[in-house]
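Below: my_file_21.pdb (PDB, C-alpha atoms)
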ATOM      1  CA  MET A1270      -5.576  16.546   8.792  1.00  0.00           C
ATOM      2  CA  GLU A1271      -7.256  13.237   9.602  1.00  0.00           C
ATOM      3  CA  GLU A1272      -7.785  10.836   6.723  1.00  0.00           C
ATOM      4  CA  TYR A1273     -10.713   8.435   6.450  1.00  0.00           C
ATOM      5  CA  TYR A1274     -10.475   5.104   4.644  1.00  0.00           C
ATOM      6  CA  LEU A1275     -13.692   3.265   3.828  1.00  0.00           C
ATOM      7  CA  ILE A1276     -13.043  -0.446   3.387  1.00  0.00           C
ATOM      8  CA  CYS A1277     -15.556  -1.885   0.911  1.00  0.00           C
ATOM      9  CA  GLU A1278     -16.307  -5.262  -0.583  1.00  0.00           C
ATOM     10  CA  ASP A1279     -14.739  -5.929  -3.983  1.00  0.00           C
ATOM     11  CA  SER A1280     -17.993  -5.652  -5.915  1.00  0.00           C
ATOM     12  CA  LEU A1281     -20.020  -3.016  -7.693  1.00  0.00           C
ATOM     13  CA  GLU A1282     -22.535  -2.977  -4.834  1.00  0.00           C
ATOM     14  CA  GLY A1283     -19.784  -2.695  -2.230  1.00  0.00           C
ATOM     15  CA  ILE A1284     -17.981   0.212  -3.886  1.00  0.00           C
ATOM     16  CA  PHE A1285     -21.197   2.084  -4.715  1.00  0.00           C
ATOM     17  CA  THR A1286     -22.202   1.690  -1.052  1.00  0.00           C
ATOM     18  CA  GLY A1287     -18.840   3.170  -0.053  1.00  0.00           C
ATOM     19  CA  ILE A1288     -19.398   6.158  -2.330  1.00  0.00           C
ATOM     20  CA  TYR A1289     -22.856   6.729  -0.828  1.00  0.00           C
ATOM     21  CA  ASP A1290     -21.469   6.575   2.720  1.00  0.00           C
ATOM     22  CA  ALA A1291     -18.597   8.902   1.780  1.00  0.00           C
ATOM     23  CA  TYR A1292     -21.108  11.621   0.877  1.00  0.00           C
ATOM     24  CA  LEU A1293     -23.004  11.014   4.115  1.00  0.00           C
ATOM     25  CA  MET A1294     -19.871  11.835   6.120  1.00  0.00           C
ATOM     26  CA  LYS A1295     -20.122  15.510   5.101  1.00  0.00           C
ATOM     27  CA  ARG A1296     -16.357  15.886   5.055  1.00  0.00           C
ATOM     28  CA  PRO A1297     -13.987  17.195   2.349  1.00  0.00           C
ATOM     29  CA  HIS A1298     -13.600  14.514  -0.290  1.00  0.00           C
ATOM     30  CA  GLU A1299      -9.832  14.972  -0.205  1.00  0.00           C
ATOM     31  CA  GLN A1300      -9.875  13.409   3.270  1.00  0.00           C
ATOM     32  CA  ILE A1301     -11.938  10.363   2.276  1.00  0.00           C
ATOM     33  CA  HIS A1302     -10.662   7.329   0.395  1.00  0.00           C
ATOM     34  CA  ILE A1303     -12.221   4.108  -0.839  1.00  0.00           C
ATOM     35  CA  CYS A1304     -10.300   0.867  -0.188  1.00  0.00           C
ATOM     36  CA  VAL A1305     -11.284  -2.362  -1.921  1.00  0.00           C
ATOM     37  CA  GLY A1306     -10.949  -5.419   0.307  1.00  0.00           C
ATOM     38  CA  GLU A1307      -8.706  -5.633   3.334  1.00  0.00           C
ATOM     39  CA  GLU A1308      -6.073  -2.932   3.694  1.00  0.00           C
ATOM     40  CA  SER A1309      -2.582  -4.427   4.053  1.00  0.00           C
ATOM     41  CA  ASN A1310      -0.671  -1.222   4.826  1.00  0.00           C
ATOM     42  CA  TYR A1311      -2.344   0.819   7.544  1.00  0.00           C
ATOM     43  CA  ARG A1312      -1.387   4.473   7.776  1.00  0.00           C
ATOM     44  CA  LEU A1313      -0.749   6.565  10.858  1.00  0.00           C
ATOM     45  CA  PHE A1314      -3.316   9.177  11.875  1.00  0.00           C
ATOM     46  CA  ALA A1315      -5.955   7.564   9.681  1.00  0.00           C
ATOM     47  CA  VAL A1316      -9.402   6.181  10.508  1.00  0.00           C
ATOM     48  CA  TYR A1317     -10.468   2.882   8.917  1.00  0.00           C
ATOM     49  CA  GLU A1318     -14.125   1.887   8.676  1.00  0.00           C
ATOM     50  CA  ASP A1319     -15.712  -1.276   7.293  1.00  0.00           C
ATOM     51  CA  HIS A1320     -18.743  -0.694   5.069  1.00  0.00           C
ATOM     52  CA  LYS A1321     -20.905  -3.638   4.129  1.00  0.00           C
ATOM     53  CA  PRO A1322     -22.760  -3.645   0.785  1.00  0.00           C
ATOM     54  CA  ASP A1323     -26.230  -2.153   0.887  1.00  0.00           C
ATOM     55  CA  GLU A1324     -28.427  -2.737  -2.135  1.00  0.00           C
ATOM     56  CA  GLN A1325     -30.574   0.360  -1.660  1.00  0.00           C
ATOM     57  CA  LYS A1326     -27.544   2.641  -1.342  1.00  0.00           C
ATOM     58  CA  ALA A1327     -25.887   1.035  -4.368  1.00  0.00           C
ATOM     59  CA  VAL A1328     -29.029   1.502  -6.474  1.00  0.00           C
ATOM     60  CA  LYS A1329     -29.219   5.191  -5.548  1.00  0.00           C
ATOM     61  CA  VAL A1330     -25.593   5.763  -6.557  1.00  0.00           C
ATOM     62  CA  ALA A1331     -26.098   3.837  -9.802  1.00  0.00           C
ATOM     63  CA  ARG A1332     -29.159   5.930 -10.652  1.00  0.00           C
ATOM     64  CA  THR A1333     -27.318   9.156  -9.909  1.00  0.00           C
ATOM     65  CA  ILE A1334     -24.374   8.204 -12.108  1.00  0.00           C
ATOM     66  CA  GLY A1335     -26.662   7.176 -14.965  1.00  0.00           C
ATOM     67  CA  ARG A1336     -28.809  10.297 -14.683  1.00  0.00           C
ATOM     68  CA  GLU A1337     -26.034  12.859 -14.243  1.00  0.00           C
ATOM     69  CA  PHE A1338     -23.283  11.381 -16.422  1.00  0.00           C
ATOM     70  CA  GLY A1339     -25.207   9.360 -19.002  1.00  0.00           C
ATOM     71  CA  GLY A1340     -25.404   5.677 -19.848  1.00  0.00           C
ATOM     72  CA  GLU A1341     -22.048   5.461 -21.611  1.00  0.00           C
ATOM     73  CA  THR A1342     -20.163   6.851 -18.611  1.00  0.00           C
ATOM     74  CA  TYR A1343     -22.078   4.525 -16.316  1.00  0.00           C
ATOM     75  CA  MET A1344     -20.988   1.539 -18.410  1.00  0.00           C
ATOM     76  CA  SER A1345     -17.393   2.778 -18.383  1.00  0.00           C
ATOM     77  CA  ILE A1346     -17.469   2.968 -14.600  1.00  0.00           C
ATOM     78  CA  CYS A1347     -18.955  -0.529 -14.340  1.00  0.00           C
ATOM     79  CA  ARG A1348     -16.244  -1.894 -16.630  1.00  0.00           C
ATOM     80  CA  ALA A1349     -13.597  -0.188 -14.489  1.00  0.00           C
ATOM     81  CA  LEU A1350     -15.039  -1.858 -11.393  1.00  0.00           C
ATOM     82  CA  ALA A1351     -14.657  -5.253 -13.081  1.00  0.00           C
ATOM     83  CA  SER A1352     -10.891  -4.773 -12.904  1.00  0.00           C
ATOM     84  CA  PRO A1353      -8.800  -6.594 -10.271  1.00  0.00           C
ATOM     85  CA  GLU A1354      -6.760  -3.451  -9.542  1.00  0.00           C
ATOM     86  CA  GLY A1355      -6.917  -2.244  -5.945  1.00  0.00           C
ATOM     87  CA  ASP A1356      -7.174   1.468  -6.783  1.00  0.00           C
ATOM     88  CA  LYS A1357     -10.374   1.135  -8.816  1.00  0.00           C
ATOM     89  CA  GLY A1358     -12.663   2.162  -5.936  1.00  0.00           C
ATOM     90  CA  GLU A1359     -10.710   5.333  -5.242  1.00  0.00           C
ATOM     91  CA  ALA A1360     -10.559   6.188  -8.955  1.00  0.00           C
ATOM     92  CA  VAL A1361     -14.313   5.774  -9.442  1.00  0.00           C
ATOM     93  CA  TYR A1362     -15.156   7.690  -6.256  1.00  0.00           C
ATOM     94  CA  LYS A1363     -12.992  10.676  -7.166  1.00  0.00           C
ATOM     95  CA  THR A1364     -14.287  10.569 -10.759  1.00  0.00           C
ATOM     96  CA  VAL A1365     -17.853  10.850  -9.453  1.00  0.00           C
ATOM     97  CA  VAL A1366     -16.795  13.755  -7.238  1.00  0.00           C
ATOM     98  CA  ALA A1367     -15.098  15.525 -10.141  1.00  0.00           C
ATOM     99  CA  GLY A1368     -18.029  14.896 -12.465  1.00  0.00           C
ATOM    100  CA  LEU A1369     -20.628  16.336 -10.098  1.00  0.00           C
ATOM    101  CA  LYS A1370     -18.619  19.571  -9.925  1.00  0.00           C
ATOM    102  CA  MET A1371     -18.633  20.001 -13.710  1.00  0.00           C
ATOM    103  CA  LYS A1372     -21.096  22.206 -15.523  1.00  0.00           C
ATOM    104  CA  ASN A1373     -21.539  19.694 -18.332  1.00  0.00           C
ATOM    105  CA  ARG A1374     -21.460  16.492 -16.331  1.00  0.00           C
ATOM    106  CA  LYS A1375     -21.918  14.174 -19.294  1.00  0.00           C
ATOM    107  CA  ASP A1376     -18.436  15.142 -20.496  1.00  0.00           C
ATOM    108  CA  VAL A1377     -16.727  13.853 -17.375  1.00  0.00           C
ATOM    109  CA  MET A1378     -14.926  10.978 -19.157  1.00  0.00           C
ATOM    110  CA  GLY A1379     -13.443  13.471 -21.594  1.00  0.00           C
ATOM    111  CA  ASN A1380     -11.585  15.173 -18.747  1.00  0.00           C
ATOM    112  CA  LEU A1381      -8.524  12.926 -19.063  1.00  0.00           C
ATOM    113  CA  MET A1382      -6.295  15.552 -17.464  1.00  0.00           C
ATOM    114  CA  ASP A1383      -7.807  14.462 -14.159  1.00  0.00           C
ATOM    115  CA  PRO A1384      -5.685  11.484 -12.983  1.00  0.00           C
ATOM    116  CA  TYR A1385      -8.685   9.668 -11.500  1.00  0.00           C
ATOM    117  CA  VAL A1386     -10.775  10.032 -14.651  1.00  0.00           C
ATOM    118  CA  HIS A1387      -7.807   8.866 -16.692  1.00  0.00           C
ATOM    119  CA  ARG A1388      -7.411   5.844 -14.422  1.00  0.00           C
ATOM    120  CA  VAL A1389     -11.087   4.912 -14.828  1.00  0.00           C
ATOM    121  CA  PHE A1390     -10.656   5.255 -18.580  1.00  0.00           C
ATOM    122  CA  GLN A1391      -7.628   2.918 -18.513  1.00  0.00           C
ATOM    123  CA  LEU A1392      -9.337   0.262 -16.397  1.00  0.00           C
ATOM    124  CA  SER A1393     -12.513   0.413 -18.478  1.00  0.00           C
ATOM    125  CA  ARG A1394     -10.586   0.053 -21.727  1.00  0.00           C
ATOM    126  CA  PHE A1395      -8.607  -2.922 -20.426  1.00  0.00           C
ATOM    127  CA  THR A1396     -11.807  -4.698 -19.362  1.00  0.00           C
ATOM    128  CA  ALA A1397     -13.515  -3.942 -22.681  1.00  0.00           C
ATOM    129  CA  ASN A1398     -10.519  -5.206 -24.654  1.00  0.00           C
ATOM    130  CA  GLU A1399     -10.332  -8.433 -22.681  1.00  0.00           C
ATOM    131  CA  ALA A1400     -14.065  -9.029 -23.102  1.00  0.00           C
ATOM    132  CA  HIS A1401     -13.660  -8.496 -26.843  1.00  0.00           C
ATOM    133  CA  TYR A1402     -10.803 -11.015 -26.966  1.00  0.00           C
ATOM    134  CA  HIS A1403     -12.859 -13.628 -25.147  1.00  0.00           C
ATOM    135  CA  VAL A1404     -15.727 -13.246 -27.575  1.00  0.00           C
ATOM    136  CA  GLU A1405     -13.219 -14.213 -30.267  1.00  0.00           C
ATOM    137  CA  PHE A1406     -11.122 -16.794 -28.397  1.00  0.00           C
ATOM    138  CA  LEU A1407     -13.663 -18.607 -26.214  1.00  0.00           C
ATOM    139  CA  ARG A1408     -14.157 -22.271 -27.164  1.00  0.00           C
ATOM    140  CA  PHE A1409     -17.210 -24.337 -26.246  1.00  0.00           C
ATOM    141  CA  ARG A1410     -16.952 -28.100 -25.805  1.00  0.00           C
ATOM    142  CA  GLU A1411     -19.908 -30.473 -25.700  1.00  0.00           C
ATOM    143  CA  LEU A1412     -20.539 -32.517 -22.559  1.00  0.00           C
ATOM    144  CA  GLU A1413     -22.118 -35.983 -22.565  1.00  0.00           C
ATOM    145  CA  ASN A1414     -25.493 -34.499 -21.644  1.00  0.00           C
ATOM    146  CA  GLY A1415     -25.377 -32.114 -24.627  1.00  0.00           C
ATOM    147  CA  ILE A1416     -24.564 -28.948 -22.651  1.00  0.00           C
ATOM    148  CA  LEU A1417     -21.956 -26.661 -24.210  1.00  0.00           C
ATOM    149  CA  TYR A1418     -19.211 -25.884 -21.711  1.00  0.00           C
ATOM    150  CA  ALA A1419     -16.383 -23.332 -21.837  1.00  0.00           C
ATOM    151  CA  GLU A1420     -13.703 -22.307 -19.374  1.00  0.00           C
ATOM    152  CA  ILE A1421     -12.006 -18.935 -19.071  1.00  0.00           C
ATOM    153  CA  GLY A1422      -9.458 -17.402 -16.706  1.00  0.00           C
ATOM    154  CA  PRO A1423      -9.561 -13.651 -17.384  1.00  0.00           C
ATOM    155  CA  LYS A1424      -7.718 -10.981 -15.428  1.00  0.00           C
ATOM    156  CA  ASN A1425     -10.905  -8.917 -15.207  1.00  0.00           C
ATOM    157  CA  ASN A1426     -14.333 -10.076 -14.084  1.00  0.00           C
ATOM    158  CA  ILE A1427     -15.792 -10.074 -17.586  1.00  0.00           C
ATOM    159  CA  VAL A1428     -18.237 -12.980 -17.565  1.00  0.00           C
ATOM    160  CA  THR A1429     -21.236 -10.622 -17.269  1.00  0.00           C
ATOM    161  CA  TRP A1430     -19.916  -8.635 -20.248  1.00  0.00           C
ATOM    162  CA  ILE A1431     -19.571 -11.581 -22.616  1.00  0.00           C
ATOM    163  CA  MET A1432     -22.692 -13.554 -21.669  1.00  0.00           C
ATOM    164  CA  PRO A1433     -25.147 -11.240 -23.513  1.00  0.00           C
ATOM    165  CA  HIS A1434     -23.220 -11.867 -26.746  1.00  0.00           C
ATOM    166  CA  PHE A1435     -23.390 -15.653 -26.486  1.00  0.00           C
ATOM    167  CA  ALA A1436     -26.976 -15.616 -25.188  1.00  0.00           C
ATOM    168  CA  ASP A1437     -27.908 -13.669 -28.309  1.00  0.00           C
ATOM    169  CA  ARG A1438     -25.940 -16.024 -30.583  1.00  0.00           C
ATOM    170  CA  PHE A1439     -27.168 -19.271 -28.996  1.00  0.00           C
ATOM    171  CA  PRO A1440     -30.642 -18.548 -27.576  1.00  0.00           C
ATOM    172  CA  LEU A1441     -31.804 -22.165 -27.978  1.00  0.00           C
ATOM    173  CA  GLU A1442     -28.702 -23.826 -26.527  1.00  0.00           C
ATOM    174  CA  ASN A1443     -27.920 -24.936 -22.996  1.00  0.00           C
ATOM    175  CA  PHE A1444     -24.443 -23.626 -22.265  1.00  0.00           C
ATOM    176  CA  VAL A1445     -22.176 -22.776 -19.354  1.00  0.00           C
ATOM    177  CA  ILE A1446     -19.179 -20.435 -19.136  1.00  0.00           C
ATOM    178  CA  TYR A1447     -16.970 -21.089 -16.126  1.00  0.00           C
ATOM    179  CA  ASP A1448     -14.562 -18.480 -14.755  1.00  0.00           C
ATOM    180  CA  GLU A1449     -12.073 -20.651 -12.922  1.00  0.00           C
ATOM    181  CA  LYS A1450     -10.242 -17.744 -11.273  1.00  0.00           C
ATOM    182  CA  ARG A1451     -13.370 -16.524  -9.508  1.00  0.00           C
ATOM    183  CA  ASN A1452     -15.230 -19.836  -9.359  1.00  0.00           C
ATOM    184  CA  ILE A1453     -18.251 -18.367 -11.138  1.00  0.00           C
ATOM    185  CA  TYR A1454     -20.562 -20.251 -13.489  1.00  0.00           C
ATOM    186  CA  ALA A1455     -22.615 -18.287 -16.028  1.00  0.00           C
ATOM    187  CA  ILE A1456     -25.510 -20.587 -16.941  1.00  0.00           C
ATOM    188  CA  HIS A1457     -27.811 -20.200 -19.923  1.00  0.00           C
ATOM    189  CA  PRO A1458     -30.816 -22.559 -20.092  1.00  0.00           C
ATOM    190  CA  ALA A1459     -32.195 -22.941 -23.618  1.00  0.00           C
ATOM    191  CA  GLY A1460     -34.812 -20.308 -24.368  1.00  0.00           C
ATOM    192  CA  LYS A1461     -34.454 -18.631 -20.953  1.00  0.00           C
ATOM    193  CA  GLU A1462     -32.497 -15.851 -19.281  1.00  0.00           C
ATOM    194  CA  TRP A1463     -28.943 -16.534 -18.133  1.00  0.00           C
ATOM    195  CA  TYR A1464     -27.812 -16.250 -14.534  1.00  0.00           C
ATOM    196  CA  LEU A1465     -24.675 -16.557 -12.370  1.00  0.00           C
ATOM    197  CA  VAL A1466     -23.829 -19.231  -9.814  1.00  0.00           C
ATOM    198  CA  CYS A1467     -20.826 -19.368  -7.481  1.00  0.00           C
ATOM    199  CA  GLY A1468     -19.889 -23.031  -7.414  1.00  0.00           C
ATOM    200  CA  ASP A1469     -17.362 -25.408  -5.879  1.00  0.00           C
ATOM    201  CA  GLU A1470     -16.769 -27.679  -8.842  1.00  0.00           C
ATOM    202  CA  GLY A1471     -13.357 -27.526 -10.508  1.00  0.00           C
ATOM    203  CA  GLU A1472     -12.333 -28.228 -14.058  1.00  0.00           C
ATOM    204  CA  GLY A1473     -11.063 -31.721 -13.148  1.00  0.00           C
ATOM    205  CA  ARG A1474     -14.587 -32.931 -12.527  1.00  0.00           C
ATOM    206  CA  MET A1475     -15.606 -31.842 -16.022  1.00  0.00           C
ATOM    207  CA  GLU A1476     -12.818 -33.554 -17.963  1.00  0.00           C
ATOM    208  CA  HIS A1477     -14.311 -37.043 -18.101  1.00  0.00           C
ATOM    209  CA  GLN A1478     -17.762 -35.779 -19.038  1.00  0.00           C
ATOM    210  CA  PHE A1479     -17.006 -34.533 -22.546  1.00  0.00           C
ATOM    211  CA  SER A1480     -18.909 -36.418 -25.231  1.00  0.00           C
ATOM    212  CA  GLU A1481     -17.173 -38.854 -27.566  1.00  0.00           C
ATOM    213  CA  GLY A1482     -18.155 -36.718 -30.535  1.00  0.00           C
ATOM    214  CA  GLU A1483     -16.540 -33.680 -28.925  1.00  0.00           C
ATOM    215  CA  LYS A1484     -13.310 -35.569 -28.335  1.00  0.00           C
ATOM    216  CA  LYS A1485     -13.166 -36.745 -31.962  1.00  0.00           C
ATOM    217  CA  TYR A1486     -13.923 -33.327 -33.412  1.00  0.00           C
ATOM    218  CA  GLY A1487     -11.432 -31.768 -30.999  1.00  0.00           C
ATOM    219  CA  GLU A1488      -8.704 -34.080 -32.291  1.00  0.00           C
ATOM    220  CA  LEU A1489      -9.674 -33.338 -35.889  1.00  0.00           C
ATOM    221  CA  PHE A1490      -9.598 -29.585 -35.265  1.00  0.00           C
ATOM    222  CA  CYS A1491      -6.165 -29.784 -33.605  1.00  0.00           C
ATOM    223  CA  SER A1492      -4.876 -31.852 -36.520  1.00  0.00           C
ATOM    224  CA  PHE A1493      -6.303 -29.367 -39.028  1.00  0.00           C
ATOM    225  CA  PHE A1494      -4.863 -26.403 -37.094  1.00  0.00           C
ATOM    226  CA  HIS A1495      -1.335 -27.822 -37.122  1.00  0.00           C
ATOM    227  CA  THR A1496      -1.521 -29.234 -40.653  1.00  0.00           C
ATOM    228  CA  ILE A1497      -2.349 -25.948 -42.373  1.00  0.00           C
ATOM    229  CA  ALA A1498       0.484 -24.120 -40.600  1.00  0.00           C
ATOM    230  CA  ILE A1499       3.412 -23.154 -42.844  1.00  0.00           C
ATOM    231  CA  LYS A1500       6.523 -23.782 -40.790  1.00  0.00           C
ATOM    232  CA  GLU A1501       8.740 -21.496 -42.879  1.00  0.00           C
ATOM    233  CA  ARG A1502       6.390 -18.573 -42.311  1.00  0.00           C
ATOM    234  CA  GLY A1503       6.075 -19.021 -38.571  1.00  0.00           C
ATOM    235  CA  ASN A1504       6.314 -15.809 -36.553  1.00  0.00           C
ATOM    236  CA  ASN A1505       5.969 -16.516 -32.833  1.00  0.00           C
ATOM    237  CA  THR A1506       6.315 -12.864 -31.834  1.00  0.00           C
ATOM    238  CA  LEU A1507       3.461 -11.778 -34.081  1.00  0.00           C
ATOM    239  CA  GLN A1508       1.369 -14.742 -32.966  1.00  0.00           C
ATOM    240  CA  ARG A1509       1.827 -13.821 -29.310  1.00  0.00           C
ATOM    241  CA  ASN A1510       0.791 -10.236 -30.083  1.00  0.00           C
ATOM    242  CA  MET A1511      -2.363 -11.423 -31.828  1.00  0.00           C
ATOM    243  CA  LEU A1512      -3.088 -14.272 -29.398  1.00  0.00           C
ATOM    244  CA  PRO A1513      -1.451 -13.895 -25.957  1.00  0.00           C
ATOM    245  CA  LEU A1514      -0.235 -17.065 -24.277  1.00  0.00           C
ATOM    246  CA  ARG A1515      -2.637 -16.779 -21.357  1.00  0.00           C
ATOM    247  CA  TYR A1516      -5.615 -17.461 -23.616  1.00  0.00           C
ATOM    248  CA  ARG A1517      -4.248 -20.628 -25.166  1.00  0.00           C
ATOM    249  CA  LYS A1518      -4.706 -23.003 -22.245  1.00  0.00           C
ATOM    250  CA  TYR A1519      -8.476 -22.654 -22.772  1.00  0.00           C
ATOM    251  CA  MET A1520      -8.489 -23.071 -26.565  1.00  0.00           C
ATOM    252  CA  THR A1521      -9.129 -26.428 -28.231  1.00  0.00           C
ATOM    253  CA  GLU A1522      -6.376 -26.053 -30.807  1.00  0.00           C
ATOM    254  CA  PHE A1523      -3.724 -25.638 -28.107  1.00  0.00           C
ATOM    255  CA  LEU A1524      -4.859 -28.388 -25.720  1.00  0.00           C
TER
END
Rewrite the coordinates I just gave you, this time as structure tokens.
Amino acid sequence: MEEYYLICEDSLEGIFTGIYDAYLMKRPHEQIHICVGEESNYRLFAVYEDHKPDEQKAVKVARTIGREFGGETYMSICRALASPEGDKGEAVYKTVVAGLKMKNRKDVMGNLMDPYVHRVFQLSRFTANEAHYHVEFLRFRELENGILYAEIGPKNNIVTWIMPHFADRFPLENFVIYDEKRNIYAIHPAGKEWYLVCGDEGEGRMEHQFSEGEKKYGELFCSFFHTIAIKERGNNTLQRNMLPLRYRKYMTEFL
């Protein structure tokens, strides 16, 4: 039995386009697979096809998922697609297939016995948890021009999930959140809508631009953070559970 592998771009639009094209093939879904990015291990007796993102196709798939499965399931799928895991496209595709076969389609995410649905649930939860942590752990620093600037390096592509929170909290502030792993800037002009920019600037070019006031308050905050600590009650294991090490390189108190 010949297998078909659709190679899609690692984006929501790319994977939704792959799902649309998979249905156009009119073949059993068991024979079709979604690959995210370049395939490193080609299989024998398999057909590989490149599928470029198509906005119209992606919109149609998004509308179908939202209409048939409900808004909450749609958001879960979008969070799963923000994961860096390579099997996310296959998991979402097969979840859509399973959901469209159900009588009550809005209960698809409750069918955790299905391994693909369970995988989507896992990926979505991991993305949601990391976004929640960044809402708590993200630290803004003031640049010389008054713009608030923050850096993050998340495992998942969560910048679009945390920006609405900060845009709601600071509607009259100019601020930027930079995802250094993906080289993405989320920019919020004061009183306007936020947007994303893929840039070439690195963190080194931002270091010398922090305001003098920011540097002084940063030193004061670090001093306060270490002064109030009770050495005898230190519990590094508990601290790492509550605040993983990978977040600390972006937090003022650990700089």
Q. In terms of the shortest atom-to-atom distance over all atoms listed in the file, which of A:His1302, A:Arg1502, A:Lys1321, A:Arg1296 is closest to Glu1359 of chain A?
A. A:His1302
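Considering only C-alpha atoms, the residue among A:Ala1498, A:Val1445, A:Met1382, A:Ala1367 positioned nearest to Phe1409 of chain A is A:Val1445.
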(Q) Could you list, as a VMD selection string, every residue matched by the PyMOL selection byres ((chain A and resi 1317) around 9) in this structure? (A) chain A and resid 1272 to 1276 1308 1311 1315 to 1316 1318 to 1319
Taking C-alpha atoms for each residue, export the selection above as an mmCIF file, in the coordinates of the input.
data_model
loop_
_atom_site.group_PDB
_atom_site.id
_atom_site.type_symbol
_atom_site.label_atom_id
_atom_site.label_comp_id
_atom_site.auth_asym_id
_atom_site.auth_seq_id
_atom_site.Cartn_x
_atom_site.Cartn_y
_atom_site.Cartn_z
ATOM 1 C CA GLU A 1272 -7.785 10.836 6.723
ATOM 2 C CA TYR A 1273 -10.713 8.435 6.450
ATOM 3 C CA TYR A 1274 -10.475 5.104 4.644
ATOM 4 C CA LEU A 1275 -13.692 3.265 3.828
ATOM 5 C CA ILE A 1276 -13.043 -0.446 3.387
ATOM 6 C CA GLU A 1308 -6.073 -2.932 3.694
ATOM 7 C CA TYR A 1311 -2.344 0.819 7.544
ATOM 8 C CA ALA A 1315 -5.955 7.564 9.681
ATOM 9 C CA VAL A 1316 -9.402 6.181 10.508
ATOM 10 C CA GLU A 1318 -14.125 1.887 8.676
ATOM 11 C CA ASP A 1319 -15.712 -1.276 7.293
#
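Distances from A:Arg1312, A:Glu1354, A:His1403, A:Arg1374 to Gly1339 of chain A were compared using only C-alpha atoms, and the smallest one belongs to A:Arg1374.
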Please report as a Markdown table every residue of segment 1342-1402 of chain A lying within 12 Å of segment 1285-1288 of chain A, along with the nearest atom pair and their distance in Å (one decimal), using all atoms listed in the file.
| residue | atom | partner | partner_atom | distance |
| --- | --- | --- | --- | --- |
| A:Tyr1343 | CA | A:Phe1285 | CA | 11.9 |
| A:Ile1346 | CA | A:Phe1285 | CA | 10.6 |
| A:Cys1347 | CA | A:Phe1285 | CA | 10.2 |
| A:Leu1350 | CA | A:Phe1285 | CA | 9.9 |
| A:Lys1357 | CA | A:Phe1285 | CA | 11.6 |
| A:Gly1358 | CA | A:Gly1287 | CA | 8.6 |
| A:Glu1359 | CA | A:Ile1288 | CA | 9.2 |
| A:Ala1360 | CA | A:Ile1288 | CA | 11.0 |
| A:Val1361 | CA | A:Ile1288 | CA | 8.8 |
| A:Tyr1362 | CA | A:Ile1288 | CA | 6.0 |
| A:Lys1363 | CA | A:Ile1288 | CA | 9.2 |
| A:Thr1364 | CA | A:Ile1288 | CA | 10.8 |
| A:Val1365 | CA | A:Ile1288 | CA | 8.7 |
| A:Val1366 | CA | A:Ile1288 | CA | 9.4 |
Q) Excluding same-chain residues fewer than 6 positions from Lys1375 of chain A, what lies within 8 Å of it counting all atoms listed in the file, as a list of chain:residue names? A)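 Once the nearby chain positions are removed, what remains is A:Glu1337, A:Phe1338, A:Gly1339, A:Thr1342, A:Gly1368.
Using only C-alpha atoms, the residues found no farther than 12 Å from His1434 of chain A, other than those of its own chain fewer than 6 positions away, are Ala1400, His1401, His1403, Val1404, Glu1405, Leu1407, Ile1427, Val1428, Pro1440, His1457 and Trp1463 of chain A.
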(Q) Just to confirm, what's the straight-line distance from atom CA of Leu1412 of chain A to atom CA of Glu1462 of chain A in Å (one decimal)? (A)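 Spanning atom CA of Leu1412 of chain A to atom CA of Glu1462 of chain A is a straight-line distance of 20.8 Å.
When atom CA of Glu1420 of chain A is paired with atom CA of Gly1482 of chain A, their separation reads 18.8 Å.
Note on the selection: in this file the PyMOL selection byres ((chain A and resi 1282) around 7) comes out as Ser1280, Leu1281, Gly1283, Ile1284, Phe1285, Thr1286, Pro1322, Asp1323, Glu1324 and Ala1327 of chain A.
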Q | Best match for closeness to Leu1392 of chain A among A:Met1294, A:Cys1467, A:Leu1441, A:Ala1351, counting only C-alpha atoms | A | A:Ala1351
**Q.** Answer key for the PyMOL selection byres ((chain A and resi 1514-1521) around 10), residues as a count of residues only
**A.** 28
Q. Pick the closest to Val1305 of chain A from A:Asn1414, A:Ser1352, A:Thr1496, A:Asn1425: which is it, counting all atoms listed in the file?
A. A:Ser1352
Where atoms are lacking, segment 1372-1379 of chain A completed to N, CA and C atoms, as an mmCIF file, keeping the file's coordinate frame:
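That gives us selection03.cif:
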data_model
loop_
_atom_site.group_PDB
_atom_site.id
_atom_site.type_symbol
_atom_site.label_atom_id
_atom_site.label_comp_id
_atom_site.auth_asym_id
_atom_site.auth_seq_id
_atom_site.Cartn_x
_atom_site.Cartn_y
_atom_site.Cartn_z
ATOM 1 N N LYS A 1372 -19.883 21.593 -14.996
ATOM 2 C CA LYS A 1372 -21.096 22.206 -15.523
ATOM 3 C C LYS A 1372 -21.781 21.260 -16.493
ATOM 4 N N ASN A 1373 -20.996 20.694 -17.410
ATOM 5 C CA ASN A 1373 -21.539 19.694 -18.332
ATOM 6 C C ASN A 1373 -21.080 18.316 -17.856
ATOM 7 N N ARG A 1374 -21.864 17.717 -17.007
ATOM 8 C CA ARG A 1374 -21.460 16.492 -16.331
ATOM 9 C C ARG A 1374 -21.313 15.296 -17.264
ATOM 10 N N LYS A 1375 -21.995 15.309 -18.378
ATOM 11 C CA LYS A 1375 -21.918 14.174 -19.294
ATOM 12 C C LYS A 1375 -20.582 14.113 -20.041
ATOM 13 N N ASP A 1376 -19.763 15.135 -19.870
ATOM 14 C CA ASP A 1376 -18.436 15.142 -20.496
ATOM 15 C C ASP A 1376 -17.335 14.734 -19.529
ATOM 16 N N VAL A 1377 -17.714 14.154 -18.403
ATOM 17 C CA VAL A 1377 -16.727 13.853 -17.375
ATOM 18 C C VAL A 1377 -15.625 12.930 -17.877
ATOM 19 N N MET A 1378 -15.947 11.920 -18.700
ATOM 20 C CA MET A 1378 -14.926 10.978 -19.157
ATOM 21 C C MET A 1378 -14.001 11.589 -20.196
ATOM 22 N N GLY A 1379 -14.331 12.781 -20.674
ATOM 23 C CA GLY A 1379 -13.443 13.471 -21.594
ATOM 24 C C GLY A 1379 -12.385 14.292 -20.867
#
